[in-house]
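K.L.:
Right, I'll just put the structure down here and ask away after.
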Amino acid sequence: MGWKSRFIDMIGERRAEQLSVMWRRAKLTSLINLCTIGSLPFVVFATFAVYSLNNRLDAETIFTAIAVFKIIQRTVDMLPSLVSYSTTFYVSFRRIESYLGQDEVQPLEDRVDANNDTGALGFNNAMFLWNVDSQFRLGNLDVRFPSGKLSLIGGPTGSGKSSLLSALIGNMELIQGKMLVPTHLETDDMLNINNDCAVLSDIAYVSQEPWLRNATIRENILFGEPFEKQRYERVLRMCALGPDLALLSARDLSEIGERGITLSGGQRQRVALARAIYSSRKILLIDDCLSAVDAHTGRHILHKCLLTNNALMSGRTCVLVTHHMALCLPHADYVVTMQNGQIDFQGTPEEALTNPNSQVYGLDCVDSGGIEDLSTADNSGASSSTEEDDDSSDSSDNQASQESSRATTMTTSSTTACGKLVQDEERIVGAIRLDTWKMYFKACGGQWFLITCIVYIVTMQFLAMYKDFYIAKKLDYTHPPCTTARCEIRWLVIYLSFGVLSATVASVGLLITSIGSQRASAVLHERLTNSILSAKLRWLETNPIGRTIARFSSDIQEIDDSIMPGMTSIMRPLMSLMISLVVISSTVPSFIIVGVIVLVVYAHYSWLFMQIQRETKRLDSTAYAPVISLFSEMISGNAPIRAFALESAFMADVKRHFSAYLSAEFSRRSTSRWMRIRIGIVGSLVSFATALFILANVKSINGGIAGFILLQTVGFLQDTIVVVRKYSDLEISLAAVERVHQYLEIEHEAPSHKANDNDLPVGWPNTGNLS
C-alpha cells in the first residue's frame with residue numbers, strides 16, 4: 001500500500017470540504033428558486049385582487065396579463081444565474097489579475113552591461129537575490145570566464161554554484177553591479193509587441209535536474225535546431241548514448257514520456273547534455289552533468305565530449321559546475337570556487353592547488369607535486385580509461401562504421417519502428433452509451449432516486465399548469481358564473497395556493513436532486529482517485545499528466561455542476577411541452593396534423609444538432625488536455641527555455657494547441673446558434689397555426705379555454721428551445737462521466753490484500769514442520 005491510503009485520505013478530506021461548500025450553495029440556490037418561482041403567483045394574485053375591486057375579471061384580461069407576467073418571470077428567473085455567472089467571472093478575473101500582478105522577471109536590459117561588445121561572460125561586481133524575501137544571496141561576483149576555454153565552478157554543497165549559473169541565465173534578481181552575457185534584440189510577435197526586447201544569445205544550459213519534453217529522444221536533442229545527420233550522430237557518440245539507444249526498439253525515435261520518465265537519471269542527463277552540444281550556441285553552461293553517471297561514463301564525457309577539439313567543440317566556452325574537481329581540474333583553464341554565496345577563489349588550476357581552502361573542493365589529498373602530478377595521475381588513471389576509450393575508440397571507431405550503419409538505420413529506416421510511447425487519446429464516438437447512464441444513476445442512489453425525481457418533476461409541473469387551467473374553467477361562462485368579488489377572490493386564493501405549492505415542491509425537489517448529484521460526484525471522484533493511484537507504472541508513463549488533470553478538473557466539475565441541473569431543466573419543459581401538445585390537440589383536434597409535422601421537424605433538427613454538439617464537445621475535451629500538459633511542461637522547464645531564448649517558439653506551440661481547443665469550442669457554440677434559429681422559426685409557425693385553428697373554431701371554444709391554449713402556445717417556443725439545447729448540454733456533460741469511466745477501466749496493480757488472505761485452512765497447522 002505504501003503511501004497510497006494516506007494520500008487517498010488527504011484527497012478525501014479536501015474533497016469533503018469542497019462538497020460541504022457545494023451543499024451550502026445548493027441550499028441557497030433552493031431558497032432563491034423558491035422566491036423566484038413563487039413570486040409569480042403572488043404578483044398575479046395581488047394584481048388581479050386589486051383589479052377585481054372595480055373591474056370584472058374576464059379571459060382576455062387574465063390570460064393576456066398572465067402571458068406577460070410569464071415573459072417577465074423568465075427574465076427574473078435568469079437573474080440568479082446572471083448574478084452567479086457574473087460573480088464567477090469576477091472571482092476568476094481577480095485571480096488572473098492577481099497572478100499577472102506578481103513580480104515579473106527582471107528585464108534583461110536592467111541586468112546586462114550595455115558596453116559588453118566583445119560577448120564576454122561573467123559578472124562585474126554583481127549581487128543577486130532569488131526574491132525580496134530570500135535569505136540567500138550571491139555577492140562579491142567579479143569574474144570573467146575565459147572565452148573558448150573550460151572553466152570549473154566548485155565548492156561545498158549549498159555554496160551557490162548552481163545559483164551562479166541561474167544568475168547567468170537571468171533567473172535571479174540583480175540588485176547591484178552588472179552581468180556580462182551576450183544578448184540580441186527580438187520582437188515578440190506573439191504578444192503583438194513592436195518594441196524590441198533583449199534576450200539571451202549564444203547560450204546553451206544543462207540544468208542539474210535535467211528537463212526533457214514529452215517527445216522523442218531526437219526531438220529533445222534537436223530542440224528546434226535543423227537536423228544534420230553527421231553532426232547528430234557525432235553528438236550521440238560524444239555523449240555515450242549509442243549503447244542506450246541500441247536497447248530501444250525505435251532507437252532515437254522512441255518517446256520518453258513526461259520529464260523523460262522512461263529513462264534513467266544518467267540517460268536523462270546525457271540527453272540534456274546532447275541537446276546543448278548539438279545546439280549552435282557558443283557558450284555552454286553545464287550544471288554537474290557528471291554526478292548522475294558512473295566513473296567510466298564520466299571520463300568518457302569529459303575526454304570525448306567536453307575536452308575534445310573537434311569541429312563541434314572548438315572555440316566554445318564551457319562553464320562546468322562539478323564536485324569531481326580531482327577529475328576535471330587537470331584539464332581546466334580556469335577555476336572558481338564558491339563559499340556561502342561568494343567567490344572564495346578564482347584563478348588557474350595551479351593557483352587553486354595552493355589555495356588554503358583546497359580541501360573544500362576535494363584537492364587536499366594532492367601532494368606538493370602540483371598540477372602535473374595530478375594531471376599524470378589523471379592521465380594514468382585515464383590511460384586505462386583512454387586505453388579503454390582508445391579500445392572503445394577503436395571499438396568505437398571500428399564500431400563507427402558499424403555504428404554508422406546502425407546509426408544510418410537509426411536515423412533513416414527507424415521511422416518504420418514504433419517508438420510511440422504516448423498514444424493519441426481515445427475519443428468515443430456516437431451516442432452516450434446506456435452503461436454511462438446506468439453508472440451515473442447508480443452512483444446517485446439507484447432506481448429509487450430516479451423514481452423520486454420523476455415523481456417530483458411530474459407533481460411540480462402538474463401543479464404549475466393546473467393553476468392556469470383552474471382559472472380557465474372558472475371563466476367558462478356556459479354556466480351561470482359567480483360574479484361577486486368574493487367568488488373572484490376565492491378563485492385567486494386557490495390559484496395562489498397551487499402556485500406556492502408548486503414552488504415549494506420545486507425547491508424541495510432541487511435539494512433532493514442536489515443530494516443525488518453530490519453523492520454521484522463523491523463516488524465517482526473517489527473511484528477515479530483509487531483507479532489512478534492503483535494504475536500500473538506503464539500506464540502512468542504513457543498517459544500525459546494533462547489528461548489526468550482534465551478528468552479531475554473540468555470533467556469532475558461537469559459532474560458536480562451540470563448533469564443533474566441539466567436533467568431537471570429538461571424534464572420540466574419536456575413535461576410542459578407534452579401537456580401543451582395534448583391540451584391543444586384535445587381542444588382543437590385538427591391541430592394533431594400540425595403537431596405530428598412539428599414533431600418530425602424537431603426530431604430531424606434535434607438529431608443533427610445533438611450529433612454535432614456531442615462530437616464537438618468530445619473534440620473540445622481531447623483538445624483541452626494537451627494545453628494543460630504543455631503549460632505544466634513549460635513551468636518545469638522555464639530555466640532551459642529562457643536560457644536557449646526559445647520563449648517565442650514555445651508561445652507559438654501554446655497558440656497552436658489553444659487554437660485547436662478554441663476551434664472546437666467555436667464550432668460547438670455556432671451549432672447552438674444554428675439550432676436556435678430553426679427552432680424559433682418552427683415555434684413561431686406553431687403559434688400562428690394554433691391561433692388560426694382557434695379562430696376557425698371560435699364558436700365552439702370559450703374564452704377561458706382559448707386563453708389557456710394560447711398561453712401554452714406562448715411557452716411552446718421557449719420550452720422546445722430549452723429541451724433541445726438542454727438535452728444536448730446533458731449529453732455533453734455525460735461525456736464527462738464517459739471520460740471518467742475510461743479511467744476506471746485502466747490496468748491496475750494487484751490489490752495489496754484480498755478478502756480471503758486471512759482465511760486459514762481447516763485444522764491448520766497440521767504439522768509443526770517449517771516449509
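How things are named: the first chain in the C-alpha cells is A, the next is B, and so on; residues count from 1 in each chain; ligands count from 1 in the order shown.
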Got a sec: who's within 8 Å of region 516-532 of chain A, counting only C-alpha atoms, leaving out chain neighbours fewer than 3 positions off, as a count of residues only?
P.N.:
26
K.L.:
With only C-alpha atoms as the counted atoms, please give the residues lying no more than 9 Å from region 268-276 of chain A, apart from itself and same-chain residues fewer than 3 positions off, as a PyMOL selection string.
P.N.:
chain A and resi 203-212+217+220-223+232+235-236+238-241+259-261+263-265+279-281+284-286+289-290+292-293+301
K.L.:
So that I have them on file, write out the residues from the current selection with C-alpha atoms, as a compact mmCIF listing (two decimals), in the first residue's frame.
P.N.:
```txt
# COMPACT_ATOMS: atom_id res chain seq x y z
CA ILE A 203 23.87 30.24 -24.54
CA ALA A 204 23.01 26.56 -24.01
CA TYR A 205 22.15 25.44 -20.50
CA VAL A 206 22.12 21.98 -18.87
CA SER A 207 20.39 22.08 -15.51
CA GLN A 208 21.26 19.91 -12.52
CA GLU A 209 17.85 18.29 -12.73
CA PRO A 210 17.61 17.58 -16.47
CA TRP A 211 14.45 18.84 -18.13
CA LEU A 212 13.11 16.86 -21.06
CA ILE A 217 14.84 11.46 -27.94
CA ASN A 220 14.68 16.54 -27.31
CA ILE A 221 18.20 16.72 -28.70
CA LEU A 222 17.35 18.87 -31.70
CA PHE A 223 15.25 21.26 -29.59
CA TYR A 232 23.74 14.46 -34.82
CA VAL A 235 26.87 14.13 -30.68
CA LEU A 236 25.37 10.74 -29.82
CA MET A 238 30.30 12.10 -27.69
CA CYS A 239 27.57 11.78 -25.07
CA ALA A 240 27.82 7.95 -24.95
CA LEU A 241 24.21 7.49 -25.98
CA ARG A 259 10.05 14.53 -17.81
CA GLY A 260 11.84 11.61 -19.53
CA ILE A 261 10.19 9.16 -17.16
CA LEU A 263 14.94 6.96 -18.94
CA SER A 264 17.31 6.59 -16.01
CA GLY A 265 18.80 9.65 -14.31
CA SER A 279 22.97 23.36 -30.49
CA SER A 280 24.78 26.09 -32.38
CA ARG A 281 25.37 28.09 -29.16
CA LEU A 284 27.75 26.02 -22.63
CA LEU A 285 26.57 26.32 -19.03
CA ILE A 286 26.58 22.80 -17.57
CA CYS A 289 26.38 16.67 -15.55
CA LEU A 290 28.92 14.13 -14.15
CA ALA A 292 24.37 11.26 -12.47
CA VAL A 293 26.73 8.95 -14.41
CA ILE A 301 32.02 12.65 -21.32
```
K.L.:
If we count only C-alpha atoms and set the cut-off at 10 Å, which residues sit around region 337-343 of chain A, ignoring sequence neighbours fewer than 4 positions away in its own chain? Please answer as a VMD selection string.
P.N.:
chain A and resid 127 to 128 136 to 143 152 to 161 163 to 164 321 347 352 357 to 358 360 to 361
K.L.:
Quick check for you: according to DSSP on this backbone, which residues of region 69-266 of chain A are classed as strand (DSSP E or B)? Reply as an MDAnalysis selection string.
P.N.:
chainID A and resid 112 121:129 137:145 150:154 173:180 183:187 196:200 203:206 216 255
K.L.:
Find the residues near Ser39 (chain A): any atom within 10 Å, counting only C-alpha atoms, skip ones fewer than 2 places away on the same chain, and give them as a PyMOL selection string.
P.N.:
chain A and resi 33-37+41-45+73+76+496+499-500+503
K.L.:
Let's have the selection written as a short mmCIF file (atom, residue, chain, number, x, y, z; two decimals), in the first residue's frame, with N, CA and C atoms.
P.N.:
```
data_model
loop_
_atom_site.label_atom_id
_atom_site.label_comp_id
_atom_site.auth_asym_id
_atom_site.auth_seq_id
_atom_site.Cartn_x
_atom_site.Cartn_y
_atom_site.Cartn_z
N ASN A 33 -34.62 29.76 -5.65
CA ASN A 33 -35.58 29.15 -6.56
C ASN A 33 -37.00 29.27 -6.02
N LEU A 34 -37.17 29.08 -4.70
CA LEU A 34 -38.49 29.23 -4.08
C LEU A 34 -39.01 30.66 -4.24
N CYS A 35 -38.11 31.61 -4.07
CA CYS A 35 -38.52 33.02 -4.19
C CYS A 35 -38.88 33.40 -5.62
N THR A 36 -38.08 32.93 -6.59
CA THR A 36 -38.33 33.33 -7.99
C THR A 36 -39.57 32.65 -8.56
N ILE A 37 -39.69 31.31 -8.33
CA ILE A 37 -40.86 30.60 -8.86
C ILE A 37 -42.12 31.01 -8.11
N PRO A 41 -47.07 33.70 -8.73
CA PRO A 41 -48.44 33.60 -8.20
C PRO A 41 -48.80 34.77 -7.27
N PHE A 42 -47.87 35.25 -6.46
CA PHE A 42 -48.15 36.39 -5.59
C PHE A 42 -48.40 37.66 -6.39
N VAL A 43 -47.58 37.87 -7.45
CA VAL A 43 -47.76 39.06 -8.29
C VAL A 43 -49.11 39.01 -8.99
N VAL A 44 -49.45 37.82 -9.54
CA VAL A 44 -50.74 37.67 -10.23
C VAL A 44 -51.90 37.88 -9.25
N PHE A 45 -51.79 37.27 -8.07
CA PHE A 45 -52.85 37.40 -7.07
C PHE A 45 -53.06 38.87 -6.67
N GLN A 73 -41.30 36.74 -15.85
CA GLN A 73 -40.72 35.79 -14.90
C GLN A 73 -39.50 35.08 -15.49
N VAL A 76 -36.77 37.27 -14.85
CA VAL A 76 -36.43 37.27 -13.42
C VAL A 76 -35.73 35.98 -13.03
N LEU A 496 -53.35 31.04 -6.09
CA LEU A 496 -52.13 31.33 -5.33
C LEU A 496 -51.64 30.09 -4.60
N GLY A 499 -49.88 27.76 -6.94
CA GLY A 499 -48.58 28.33 -7.32
C GLY A 499 -47.54 28.19 -6.24
N VAL A 500 -47.92 28.49 -4.99
CA VAL A 500 -46.97 28.37 -3.87
C VAL A 500 -46.59 26.90 -3.64
N ALA A 503 -44.09 25.88 -6.28
CA ALA A 503 -42.77 26.44 -6.00
C ALA A 503 -42.09 25.68 -4.85
#
```
